[in-house]
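Coordinates as given in final.cif (mmCIF, C-alpha atoms and all ligand atoms):
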```cif
data_target
loop_
_atom_site.group_PDB
_atom_site.id
_atom_site.type_symbol
_atom_site.label_atom_id
_atom_site.label_comp_id
_atom_site.auth_asym_id
_atom_site.auth_seq_id
_atom_site.Cartn_x
_atom_site.Cartn_y
_atom_site.Cartn_z
ATOM 1 C CA MET A 1 -15.612 -93.987 83.283
ATOM 2 C CA PRO A 2 -14.925 -90.811 81.252
ATOM 3 C CA GLU A 3 -17.668 -88.193 81.282
ATOM 4 C CA ALA A 4 -18.785 -85.809 78.526
ATOM 5 C CA LEU A 5 -21.052 -82.762 78.709
ATOM 6 C CA VAL A 6 -22.917 -81.922 75.507
ATOM 7 C CA THR A 7 -24.953 -78.728 75.081
ATOM 8 C CA GLY A 8 -27.883 -78.846 72.682
ATOM 9 C CA ALA A 9 -27.912 -82.620 73.151
ATOM 10 C CA THR A 10 -31.608 -83.284 72.461
ATOM 11 C CA ALA A 11 -31.661 -82.651 68.707
ATOM 12 C CA GLY A 12 -29.554 -82.554 65.575
ATOM 13 C CA ILE A 13 -25.759 -82.640 65.806
ATOM 14 C CA GLY A 14 -25.721 -82.588 69.631
ATOM 15 C CA ALA A 15 -27.979 -85.660 69.798
ATOM 16 C CA VAL A 16 -25.646 -87.474 67.400
ATOM 17 C CA PHE A 17 -22.652 -86.528 69.593
ATOM 18 C CA ALA A 18 -24.503 -87.822 72.674
ATOM 19 C CA ARG A 19 -25.320 -91.169 71.002
ATOM 20 C CA ARG A 20 -21.790 -91.602 69.666
ATOM 21 C CA LEU A 21 -20.143 -90.738 73.011
ATOM 22 C CA ALA A 22 -22.521 -93.041 74.914
ATOM 23 C CA SER A 23 -21.650 -95.876 72.543
ATOM 24 C CA ASP A 24 -17.946 -95.092 73.151
ATOM 25 C CA GLY A 25 -18.579 -95.607 76.896
ATOM 26 C CA PHE A 26 -18.802 -92.014 78.133
ATOM 27 C CA GLY A 27 -21.119 -91.101 80.990
ATOM 28 C CA LEU A 28 -23.085 -88.061 79.847
ATOM 29 C CA VAL A 29 -24.396 -84.721 81.044
ATOM 30 C CA LEU A 30 -26.974 -83.445 78.570
ATOM 31 C CA VAL A 31 -27.852 -79.738 78.394
ATOM 32 C CA ALA A 32 -30.806 -78.089 76.623
ATOM 33 C CA ARG A 33 -33.857 -75.995 77.591
ATOM 34 C CA ASP A 34 -36.720 -78.478 77.175
ATOM 35 C CA ALA A 35 -36.643 -80.590 80.383
ATOM 36 C CA ASP A 36 -39.113 -83.264 79.191
ATOM 37 C CA ARG A 37 -37.202 -83.829 75.998
ATOM 38 C CA LEU A 38 -33.950 -84.016 77.967
ATOM 39 C CA GLU A 39 -35.439 -86.753 80.185
ATOM 40 C CA ARG A 40 -36.676 -88.700 77.162
ATOM 41 C CA THR A 41 -33.283 -88.413 75.442
ATOM 42 C CA ALA A 42 -31.465 -89.498 78.625
ATOM 43 C CA ALA A 43 -33.769 -92.486 79.157
ATOM 44 C CA ALA A 44 -33.220 -93.682 75.580
ATOM 45 C CA LEU A 45 -29.434 -93.380 75.917
ATOM 46 C CA ARG A 46 -29.379 -95.206 79.274
ATOM 47 C CA ALA A 47 -31.522 -98.007 77.855
ATOM 48 C CA GLU A 48 -29.508 -98.354 74.667
ATOM 49 C CA HIS A 49 -25.956 -97.950 75.982
ATOM 50 C CA GLY A 50 -26.151 -98.672 79.733
ATOM 51 C CA VAL A 51 -24.188 -95.534 80.653
ATOM 52 C CA PRO A 52 -25.086 -92.993 83.363
ATOM 53 C CA VAL A 53 -26.840 -89.957 81.855
ATOM 54 C CA GLU A 54 -27.578 -86.790 83.795
ATOM 55 C CA VAL A 55 -29.719 -83.931 82.525
ATOM 56 C CA LEU A 56 -29.270 -80.247 83.077
ATOM 57 C CA ALA A 57 -32.088 -78.000 81.863
ATOM 58 C CA ALA A 58 -30.537 -74.611 81.144
ATOM 59 C CA ASP A 59 -31.165 -71.737 78.769
ATOM 60 C CA LEU A 60 -27.719 -70.706 77.556
ATOM 61 C CA ALA A 61 -29.050 -67.327 76.488
ATOM 62 C CA THR A 62 -29.340 -66.449 80.190
ATOM 63 C CA ASP A 63 -26.763 -65.808 82.896
ATOM 64 C CA ALA A 64 -28.503 -68.280 85.234
ATOM 65 C CA GLY A 65 -28.446 -71.023 82.576
ATOM 66 C CA ILE A 66 -24.762 -70.561 81.791
ATOM 67 C CA THR A 67 -23.947 -70.471 85.530
ATOM 68 C CA ARG A 68 -25.657 -73.857 86.051
ATOM 69 C CA VAL A 69 -23.461 -75.444 83.383
ATOM 70 C CA GLU A 70 -20.300 -73.712 84.690
ATOM 71 C CA GLN A 71 -20.990 -75.238 88.104
ATOM 72 C CA ARG A 72 -21.266 -78.760 86.666
ATOM 73 C CA VAL A 73 -18.534 -78.837 84.051
ATOM 74 C CA ALA A 74 -15.414 -78.799 86.271
ATOM 75 C CA THR A 75 -15.145 -82.601 86.502
ATOM 76 C CA VAL A 76 -15.982 -83.653 82.942
ATOM 77 C CA ASP A 77 -13.395 -85.053 80.490
ATOM 78 C CA LEU A 78 -14.927 -83.796 77.248
ATOM 79 C CA VAL A 79 -17.110 -80.744 76.606
ATOM 80 C CA VAL A 80 -19.050 -80.351 73.376
ATOM 81 C CA ASN A 81 -20.264 -76.761 73.157
ATOM 82 C CA ASN A 82 -22.822 -77.401 70.450
ATOM 83 C CA ALA A 83 -26.069 -75.548 71.319
ATOM 84 C CA GLY A 84 -26.892 -72.913 68.756
ATOM 85 C CA PHE A 85 -29.470 -71.575 66.374
ATOM 86 C CA GLY A 86 -29.741 -69.820 63.038
ATOM 87 C CA GLN A 87 -31.252 -66.569 62.011
ATOM 88 C CA ARG A 88 -33.189 -65.652 58.921
ATOM 89 C CA GLY A 89 -33.048 -62.317 57.185
ATOM 90 C CA ASP A 90 -30.819 -59.274 56.989
ATOM 91 C CA PHE A 91 -29.300 -57.510 59.983
ATOM 92 C CA LEU A 92 -31.452 -54.423 59.360
ATOM 93 C CA ASP A 93 -34.606 -56.515 59.771
ATOM 94 C CA THR A 94 -33.672 -58.673 62.747
ATOM 95 C CA ASP A 95 -34.709 -58.182 66.339
ATOM 96 C CA VAL A 96 -31.861 -56.873 68.506
ATOM 97 C CA ALA A 97 -32.892 -59.152 71.411
ATOM 98 C CA ALA A 98 -32.527 -62.214 69.158
ATOM 99 C CA GLU A 99 -29.113 -60.977 67.981
ATOM 100 C CA LEU A 100 -27.957 -60.649 71.591
ATOM 101 C CA ASP A 101 -29.352 -64.088 72.499
ATOM 102 C CA MET A 102 -27.279 -65.510 69.665
ATOM 103 C CA LEU A 103 -24.118 -63.875 70.981
ATOM 104 C CA ARG A 104 -24.864 -65.257 74.452
ATOM 105 C CA VAL A 105 -25.454 -68.828 73.255
ATOM 106 C CA HIS A 106 -22.713 -68.926 70.583
ATOM 107 C CA CYS A 107 -20.050 -66.821 72.339
ATOM 108 C CA GLU A 108 -20.657 -66.063 76.028
ATOM 109 C CA ALA A 109 -21.764 -69.615 76.909
ATOM 110 C CA VAL A 110 -18.873 -71.153 74.915
ATOM 111 C CA LEU A 111 -16.375 -68.827 76.593
ATOM 112 C CA ARG A 112 -17.649 -69.345 80.142
ATOM 113 C CA ILE A 113 -18.153 -73.129 79.872
ATOM 114 C CA THR A 114 -14.694 -73.573 78.309
ATOM 115 C CA LYS A 115 -13.121 -71.440 81.047
ATOM 116 C CA ALA A 116 -14.903 -73.396 83.782
ATOM 117 C CA ALA A 117 -13.873 -76.758 82.286
ATOM 118 C CA LEU A 118 -10.177 -76.043 81.655
ATOM 119 C CA PRO A 119 -8.705 -76.087 85.192
ATOM 120 C CA GLY A 120 -10.015 -79.645 85.781
ATOM 121 C CA LEU A 121 -8.956 -80.822 82.319
ATOM 122 C CA LEU A 122 -5.461 -79.372 82.784
ATOM 123 C CA ALA A 123 -5.126 -80.898 86.257
ATOM 124 C CA ARG A 124 -6.005 -84.332 84.804
ATOM 125 C CA ARG A 125 -3.843 -83.645 81.689
ATOM 126 C CA ARG A 126 -6.376 -85.187 79.283
ATOM 127 C CA GLY A 127 -9.608 -84.602 77.398
ATOM 128 C CA GLY A 128 -10.705 -81.278 76.019
ATOM 129 C CA VAL A 129 -13.328 -79.142 74.366
ATOM 130 C CA ILE A 130 -15.031 -79.325 70.974
ATOM 131 C CA ASN A 131 -16.655 -76.015 70.079
ATOM 132 C CA VAL A 132 -19.182 -76.346 67.254
ATOM 133 C CA ALA A 133 -18.766 -73.432 64.850
ATOM 134 C CA SER A 134 -19.774 -73.610 61.161
ATOM 135 C CA VAL A 135 -18.322 -73.191 57.674
ATOM 136 C CA ALA A 136 -20.241 -69.911 57.887
ATOM 137 C CA ALA A 137 -17.289 -68.776 60.027
ATOM 138 C CA PHE A 138 -15.254 -68.364 56.820
ATOM 139 C CA PHE A 139 -17.800 -66.020 55.177
ATOM 140 C CA SER A 140 -19.399 -62.737 56.242
ATOM 141 C CA ARG A 141 -23.120 -63.055 56.654
ATOM 142 C CA GLY A 142 -24.750 -61.507 59.692
ATOM 143 C CA THR A 143 -24.263 -62.140 63.376
ATOM 144 C CA TYR A 144 -24.457 -65.906 62.795
ATOM 145 C CA SER A 145 -21.269 -66.074 60.741
ATOM 146 C CA ALA A 146 -19.585 -63.413 62.901
ATOM 147 C CA SER A 147 -20.327 -65.412 66.067
ATOM 148 C CA LYS A 148 -19.045 -68.636 64.476
ATOM 149 C CA ALA A 149 -15.860 -66.847 63.319
ATOM 150 C CA TRP A 150 -15.420 -65.872 66.981
ATOM 151 C CA VAL A 151 -15.777 -69.541 67.988
ATOM 152 C CA VAL A 152 -13.013 -70.561 65.537
ATOM 153 C CA THR A 153 -10.618 -67.788 66.615
ATOM 154 C CA PHE A 154 -11.354 -68.313 70.314
ATOM 155 C CA SER A 155 -10.830 -72.096 70.092
ATOM 156 C CA ASP A 156 -7.593 -71.604 68.125
ATOM 157 C CA SER A 157 -6.234 -69.240 70.709
ATOM 158 C CA VAL A 158 -7.138 -71.394 73.736
ATOM 159 C CA ARG A 159 -5.729 -74.503 72.037
ATOM 160 C CA GLU A 160 -2.393 -72.748 71.605
ATOM 161 C CA GLU A 161 -2.390 -71.775 75.307
ATOM 162 C CA VAL A 162 -2.888 -75.389 76.408
ATOM 163 C CA ARG A 163 -0.550 -76.957 73.827
ATOM 164 C CA GLY A 164 1.591 -79.735 75.317
ATOM 165 C CA SER A 165 -0.699 -80.155 78.341
ATOM 166 C CA GLY A 166 -2.511 -83.269 77.093
ATOM 167 C CA VAL A 167 -5.700 -81.185 76.694
ATOM 168 C CA HIS A 168 -7.043 -80.357 73.226
ATOM 169 C CA VAL A 169 -9.452 -77.621 72.098
ATOM 170 C CA MET A 170 -10.948 -77.897 68.610
ATOM 171 C CA ALA A 171 -13.421 -75.900 66.556
ATOM 172 C CA LEU A 172 -15.754 -78.020 64.424
ATOM 173 C CA CYS A 173 -17.086 -76.390 61.260
ATOM 174 C CA PRO A 174 -19.996 -78.341 59.769
ATOM 175 C CA GLY A 175 -21.590 -77.548 56.425
ATOM 176 C CA TRP A 176 -25.321 -78.154 55.882
ATOM 177 C CA VAL A 177 -26.695 -80.964 58.078
ATOM 178 C CA ARG A 178 -30.406 -81.884 58.165
ATOM 179 C CA THR A 179 -31.509 -81.093 61.731
ATOM 180 C CA GLU A 180 -34.189 -78.925 63.354
ATOM 181 C CA PHE A 181 -31.921 -75.894 62.887
ATOM 182 C CA HIS A 182 -33.350 -74.629 59.583
ATOM 183 C CA GLU A 183 -37.008 -75.067 60.480
ATOM 184 C CA ARG A 184 -36.491 -73.434 63.876
ATOM 185 C CA SER A 185 -35.014 -70.353 62.225
ATOM 186 C CA GLY A 186 -37.578 -70.288 59.402
ATOM 187 C CA MET A 187 -34.997 -70.795 56.687
ATOM 188 C CA ASP A 188 -35.966 -71.984 53.218
ATOM 189 C CA THR A 189 -33.634 -74.853 52.353
ATOM 190 C CA SER A 190 -35.458 -75.978 49.219
ATOM 191 C CA GLY A 191 -32.754 -74.523 46.935
ATOM 192 C CA ILE A 192 -29.866 -76.306 48.611
ATOM 193 C CA PRO A 193 -28.642 -79.134 46.364
ATOM 194 C CA ARG A 194 -29.114 -82.568 47.884
ATOM 195 C CA SER A 195 -25.401 -83.288 47.376
ATOM 196 C CA LEU A 196 -24.428 -80.558 49.843
ATOM 197 C CA TRP A 197 -26.201 -82.112 52.851
ATOM 198 C CA LEU A 198 -23.911 -83.953 55.268
ATOM 199 C CA ASP A 199 -24.965 -86.967 57.251
ATOM 200 C CA GLY A 200 -24.874 -86.219 61.015
ATOM 201 C CA GLU A 201 -23.295 -89.548 61.994
ATOM 202 C CA THR A 202 -20.525 -89.166 59.386
ATOM 203 C CA LEU A 203 -19.911 -85.579 60.520
ATOM 204 C CA VAL A 204 -19.596 -86.522 64.188
ATOM 205 C CA ALA A 205 -17.388 -89.549 63.403
ATOM 206 C CA ALA A 206 -15.047 -87.245 61.436
ATOM 207 C CA ALA A 207 -15.095 -84.683 64.258
ATOM 208 C CA ILE A 208 -14.141 -87.255 66.882
ATOM 209 C CA ARG A 209 -11.414 -88.647 64.643
ATOM 210 C CA ASP A 210 -10.042 -85.128 64.094
ATOM 211 C CA PHE A 211 -10.223 -84.380 67.823
ATOM 212 C CA ARG A 212 -8.204 -87.502 68.642
ATOM 213 C CA ARG A 213 -5.616 -86.564 65.987
ATOM 214 C CA GLY A 214 -5.259 -83.085 67.468
ATOM 215 C CA THR A 215 -6.712 -81.255 64.451
ATOM 216 C CA ALA A 216 -6.986 -77.518 65.076
ATOM 217 C CA VAL A 217 -10.103 -76.717 63.053
ATOM 218 C CA SER A 218 -12.135 -79.671 61.834
ATOM 219 C CA VAL A 219 -14.000 -79.141 58.548
ATOM 220 C CA PRO A 220 -15.490 -82.533 57.670
ATOM 221 C CA ASP A 221 -16.063 -83.288 53.979
ATOM 222 C CA VAL A 222 -13.856 -82.319 51.060
ATOM 223 C CA ARG A 223 -16.433 -79.910 49.544
ATOM 224 C CA TYR A 224 -16.565 -77.858 52.709
ATOM 225 C CA LYS A 225 -12.788 -78.031 53.131
ATOM 226 C CA THR A 226 -12.590 -76.468 49.639
ATOM 227 C CA ALA A 227 -15.146 -73.807 50.607
ATOM 228 C CA ALA A 228 -13.089 -72.986 53.709
ATOM 229 C CA VAL A 229 -9.924 -72.612 51.614
ATOM 230 C CA LEU A 230 -11.765 -70.379 49.109
ATOM 231 C CA GLY A 231 -13.001 -68.355 52.067
ATOM 232 C CA LYS A 232 -9.381 -67.594 52.904
ATOM 233 C CA LEU A 233 -8.130 -67.040 49.335
ATOM 234 C CA LEU A 234 -10.829 -65.008 47.578
ATOM 235 C CA PRO A 235 -10.780 -61.211 47.908
ATOM 236 C CA ARG A 236 -12.949 -60.255 50.882
ATOM 237 C CA PRO A 237 -15.364 -57.882 49.033
ATOM 238 C CA LEU A 238 -16.121 -60.612 46.464
ATOM 239 C CA LEU A 239 -16.561 -63.236 49.170
ATOM 240 C CA THR A 240 -18.901 -60.998 51.149
ATOM 241 C CA ARG A 241 -21.035 -60.287 48.054
ATOM 242 C CA ILE A 242 -21.335 -64.031 47.351
ATOM 243 C CA ALA A 243 -22.210 -64.745 51.016
ATOM 244 C CA ALA A 244 -24.850 -61.971 51.053
ATOM 245 C CA ARG A 245 -26.448 -63.247 47.841
ATOM 246 C CA THR A 246 -26.433 -66.891 48.993
ATOM 247 C CA GLY A 247 -27.698 -66.007 52.465
ATOM 248 C CA SER A 248 -30.605 -63.899 51.237
ATOM 249 C CA ARG A 249 -31.838 -66.856 49.150
ATOM 250 C CA HIS A 250 -32.347 -68.933 52.328
HETATM 251 N N1 LIG B 301 -27.522 -77.964 60.946
HETATM 252 C C1 LIG B 301 -26.636 -77.309 60.213
HETATM 253 O O1 LIG B 301 -26.736 -77.244 58.974
HETATM 254 C C2 LIG B 301 -25.453 -76.646 60.902
HETATM 255 C C3 LIG B 301 -24.390 -76.212 60.090
HETATM 256 C C4 LIG B 301 -23.298 -75.625 60.691
HETATM 257 C C5 LIG B 301 -23.250 -75.459 62.052
HETATM 258 N N2 LIG B 301 -24.311 -75.866 62.830
HETATM 259 C C6 LIG B 301 -24.204 -75.659 64.276
HETATM 260 O O2 LIG B 301 -24.395 -76.888 64.931
HETATM 261 C C7 LIG B 301 -24.934 -76.668 66.246
HETATM 262 C C8 LIG B 301 -26.129 -77.579 66.459
HETATM 263 O O3 LIG B 301 -27.120 -77.235 65.507
HETATM 264 P P1 LIG B 301 -28.224 -78.270 65.027
HETATM 265 O O4 LIG B 301 -28.306 -78.113 63.563
HETATM 266 O O5 LIG B 301 -27.994 -79.584 65.604
HETATM 267 O O6 LIG B 301 -29.530 -77.572 65.673
HETATM 268 P P2 LIG B 301 -30.928 -78.183 66.220
HETATM 269 O O7 LIG B 301 -31.260 -79.456 65.546
HETATM 270 O O8 LIG B 301 -31.892 -77.047 66.113
HETATM 271 O O9 LIG B 301 -30.626 -78.475 67.768
HETATM 272 C C9 LIG B 301 -30.324 -77.422 68.633
HETATM 273 C C10 LIG B 301 -30.099 -77.968 70.050
HETATM 274 O O10 LIG B 301 -29.652 -76.860 70.872
HETATM 275 C C11 LIG B 301 -30.559 -76.680 71.966
HETATM 276 N N3 LIG B 301 -30.642 -75.224 72.216
HETATM 277 C C12 LIG B 301 -31.048 -74.256 71.362
HETATM 278 N N4 LIG B 301 -31.035 -73.062 71.981
HETATM 279 C C13 LIG B 301 -30.602 -73.273 73.250
HETATM 280 C C14 LIG B 301 -30.400 -72.434 74.380
HETATM 281 N N5 LIG B 301 -30.697 -71.125 74.357
HETATM 282 N N6 LIG B 301 -29.941 -72.996 75.525
HETATM 283 C C15 LIG B 301 -29.686 -74.335 75.593
HETATM 284 N N7 LIG B 301 -29.861 -75.168 74.562
HETATM 285 C C16 LIG B 301 -30.328 -74.656 73.401
HETATM 286 C C17 LIG B 301 -31.879 -77.307 71.496
HETATM 287 O O11 LIG B 301 -32.708 -77.775 72.565
HETATM 288 P P3 LIG B 301 -33.827 -76.820 73.303
HETATM 289 O O12 LIG B 301 -34.605 -76.150 72.218
HETATM 290 O O13 LIG B 301 -34.605 -77.742 74.171
HETATM 291 O O14 LIG B 301 -33.020 -75.847 74.117
HETATM 292 C C18 LIG B 301 -31.352 -78.504 70.701
HETATM 293 O O15 LIG B 301 -31.003 -79.547 71.586
HETATM 294 C C19 LIG B 301 -25.253 -75.178 66.331
HETATM 295 O O16 LIG B 301 -24.229 -74.518 67.043
HETATM 296 C C20 LIG B 301 -25.278 -74.737 64.871
HETATM 297 O O17 LIG B 301 -24.939 -73.378 64.730
HETATM 298 C C21 LIG B 301 -25.415 -76.456 62.277
#
```
Can you present the structure in this file as structure tokens?
Amino acid sequence: MPEALVTGATAGIGAVFARRLASDGFGLVLVARDADRLERTAAALRAEHGVPVEVLAADLATDAGITRVEQRVATVDLVVNNAGFGQRGDFLDTDVAAELDMLRVHCEAVLRITKAALPGLLARRRGGVINVASVAAFFSRGTYSASKAWVVTFSDSVREEVRGSGVHVMALCPGWVRTEFHERSGMDTSGIPRSLWLDGETLVAAAIRDFRRGTAVSVPDVRYKTAAVLGKLLPRPLLTRIAARTGSRH
């Protein structure tokens, strides 16, 4: 039975990945900080899909937490580096410790878990890594978008290194998805038009389809594909002004 490890698997996009992969017949390793919630999530998945589900309580903003996942990931077939969080406010007002936690969870954990998974994946010549970035990667707005731009560039570069090996590495760039993300970071989402919200199940189905096709950077939904293209075409100063204005509204 193939095995997948999903970080941030107890809520939002990660929970949807876990459900979808369990229904596809993957055994799972679920990672998050809240141990009770991990156990509840695992029990529900075992009961519903009859697959083995292991839990790994780890804080990916800490060296010890990342090390625990590195030690487990060597034998899995698919890694979904999904854990992450948002940040409200301007850089000048944020707490430096929170900024550094974000870099650890979004960048250091993704780097170290990917590096620990690759030797096993390459030896078996199959499977791969999905790194969850964001459409924010294509705009300049704080450490969040900078860290997600790193995820896209990093995934691109590793994918090229493993090309032809049977292993695939993909960055996934979601737009707005209703999860716990916005409430956790204290963002005001009231001004976001209803039409811009993506459904989690549809997003994950598109991501898995793109992964199987060997897509480099998956941007589900035509509106966000357009935003990503604009992010590459518009002059950078203009783009940055738009991103700053939009970001400060939320
Ligand atoms: N929702 C959106 O609109 C959106 C858009 C674009 C990209 N994304 C990206 O999608 C990913 C998932 O976000 P989401 O919206 O699903 O968020 P969410 O609903 O808030 O879920 C976050 C998950 O990550 C875990 N987590 C958070 N911090 C962690 C840490 N330090 N160590 C280990 N696990 C941690 C949480 O569990 P614990 O609290 O128990 O640790 C939870 O399982 C993130 O990378 C986010 O940047 C989201």
Hey, could you make a per-residue contact list for chain A against ligand LIG 301 (chain B) with 6 Å as the cut-off, showing the nearest pair of atoms and its distance in Å to one decimal, counting only C-alpha atoms and all ligand atoms, sorted by chain and number, as a Markdown table?
```
| residue | atom | partner | partner_atom | distance |
| --- | --- | --- | --- | --- |
| A:Gly8 | CA | B:LIG301 | O10 | 3.2 |
| A:Ala9 | CA | B:LIG301 | O15 | 4.6 |
| A:Thr10 | CA | B:LIG301 | O15 | 3.9 |
| A:Ala11 | CA | B:LIG301 | O15 | 4.3 |
| A:Gly12 | CA | B:LIG301 | O5 | 3.4 |
| A:Ile13 | CA | B:LIG301 | O5 | 3.8 |
| A:Gly14 | CA | B:LIG301 | O5 | 5.5 |
| A:Ala32 | CA | B:LIG301 | N7 | 3.7 |
| A:Arg33 | CA | B:LIG301 | O14 | 3.6 |
| A:Asp34 | CA | B:LIG301 | O13 | 3.7 |
| A:Ala58 | CA | B:LIG301 | C15 | 5.6 |
| A:Asp59 | CA | B:LIG301 | N6 | 3.7 |
| A:Leu60 | CA | B:LIG301 | N6 | 3.8 |
| A:Ala61 | CA | B:LIG301 | N5 | 4.7 |
| A:Asn82 | CA | B:LIG301 | O16 | 4.7 |
| A:Ala83 | CA | B:LIG301 | O10 | 3.8 |
| A:Gly84 | CA | B:LIG301 | O16 | 3.5 |
| A:Phe85 | CA | B:LIG301 | O17 | 5.1 |
| A:Val105 | CA | B:LIG301 | N5 | 5.8 |
| A:Val132 | CA | B:LIG301 | O16 | 5.4 |
| A:Ala133 | CA | B:LIG301 | C5 | 5.7 |
| A:Ser134 | CA | B:LIG301 | C5 | 4.0 |
| A:Pro174 | CA | B:LIG301 | C4 | 4.4 |
| A:Gly175 | CA | B:LIG301 | C3 | 4.8 |
| A:Trp176 | CA | B:LIG301 | O1 | 3.5 |
| A:Val177 | CA | B:LIG301 | O1 | 3.8 |
| A:Arg178 | CA | B:LIG301 | N1 | 5.6 |
| A:Thr179 | CA | B:LIG301 | O7 | 4.2 |
| A:Glu180 | CA | B:LIG301 | O7 | 3.7 |
| A:Phe181 | CA | B:LIG301 | O8 | 3.4 |
```
#### Entry: Residues returned when the PyMOL selection byres (((chain A and resi 116) around 8) and not hetatm) runs on this file, as a ChimeraX atom specification
/A:70-71,73-74,112-115,117-119
### Query
Could you pull the residues within 10 Å of A:Leu121, counting all atoms listed in the file, minus those fewer than 2 positions along the same chain, as a PyMOL selection string?
chain A and resi 73-79+116-119+123-129+165-168
### Message
I'd like to see the residues matched by the PyMOL selection byres (((chain A and resi 145-147) around 9) and not hetatm) on this file, and ideally I'd get them as number ranges by chain.
### Response
A: 102-103, 106-107, 133-144, 148-152
### Task
Could you jot down the atom CA of A:Arg46 to atom CA of A:Met170 separation for me, Å, one decimal place?
27.4 Å
### Task
Give me the result of the PyMOL selection byres (((chain A and resi 201) around 10) and not hetatm) on this file, residue by residue, as a list in words.
Ile13, Ala15, Val16, Phe17, Arg19, Arg20, Leu198, Asp199, Gly200, Thr202, Leu203, Val204, Ala205, Ala206 and Ala207 of chain A
Taking C-alpha atoms for each residue, export the selection above as a CSV table (one decimal), in the coordinates of the input.
```csv
chain,number,residue,atom,x,y,z
A,13,ILE,CA,-25.8,-82.6,65.8
A,15,ALA,CA,-28.0,-85.7,69.8
A,16,VAL,CA,-25.6,-87.5,67.4
A,17,PHE,CA,-22.7,-86.5,69.6
A,19,ARG,CA,-25.3,-91.2,71.0
A,20,ARG,CA,-21.8,-91.6,69.7
A,198,LEU,CA,-23.9,-84.0,55.3
A,199,ASP,CA,-25.0,-87.0,57.3
A,200,GLY,CA,-24.9,-86.2,61.0
A,202,THR,CA,-20.5,-89.2,59.4
A,203,LEU,CA,-19.9,-85.6,60.5
A,204,VAL,CA,-19.6,-86.5,64.2
A,205,ALA,CA,-17.4,-89.5,63.4
A,206,ALA,CA,-15.0,-87.2,61.4
A,207,ALA,CA,-15.1,-84.7,64.3
```
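Take atom CA of A:Ile208 and atom CA of A:Pro2: the distance between them is 14.8 Å.
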### Query
How many Å separate atom CA of A:Ser157 from atom CA of A:Val169?
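Computing the Euclidean distance for atom CA of A:Ser157 and atom CA of A:Val169 yields 9.1 Å.
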### Message
Measuring between all atoms listed in the file, which one of A:Leu28, A:Ile192, A:Ala18, A:Ile242 shows the shortest distance to A:Leu230?
### Response
A:Ile242
## Note on the structure
Judged by only C-alpha atoms, the minimum distance to A:Val162 among A:Leu122, A:Ala216, A:Phe26, A:Glu48 is found for A:Leu122
### Task
Go through A:Val6, A:Glu99, A:Leu92, A:Leu196 and flag the residue nearest A:Ala227, using all atoms listed in the file for the distances.
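Using all atoms listed in the file, the shortest distance to A:Ala227 belongs to A:Leu196.
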Take every atom of stretch 167-180 of chain A listed in the file, pad by 5 Å on each side, and give me the axis-aligned box centre and edge lengths in Å, one decimal, as lines of an AutoDock Vina configuration file.
```
center_x = -19.9
center_y = -78.9
center_z = 66.3
size_x = 38.5
size_y = 16.0
size_z = 30.8
```
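Across A:Arg163, A:Gly186, A:Val158, A:Arg209, the tightest approach to A:Val110 is made by A:Val158 when counting all atoms listed in the file.
Distance check against A:Leu5 using all atoms listed in the file: of A:Thr153, A:Thr189, A:Asn131, A:Thr62, the minimum falls on A:Asn131.
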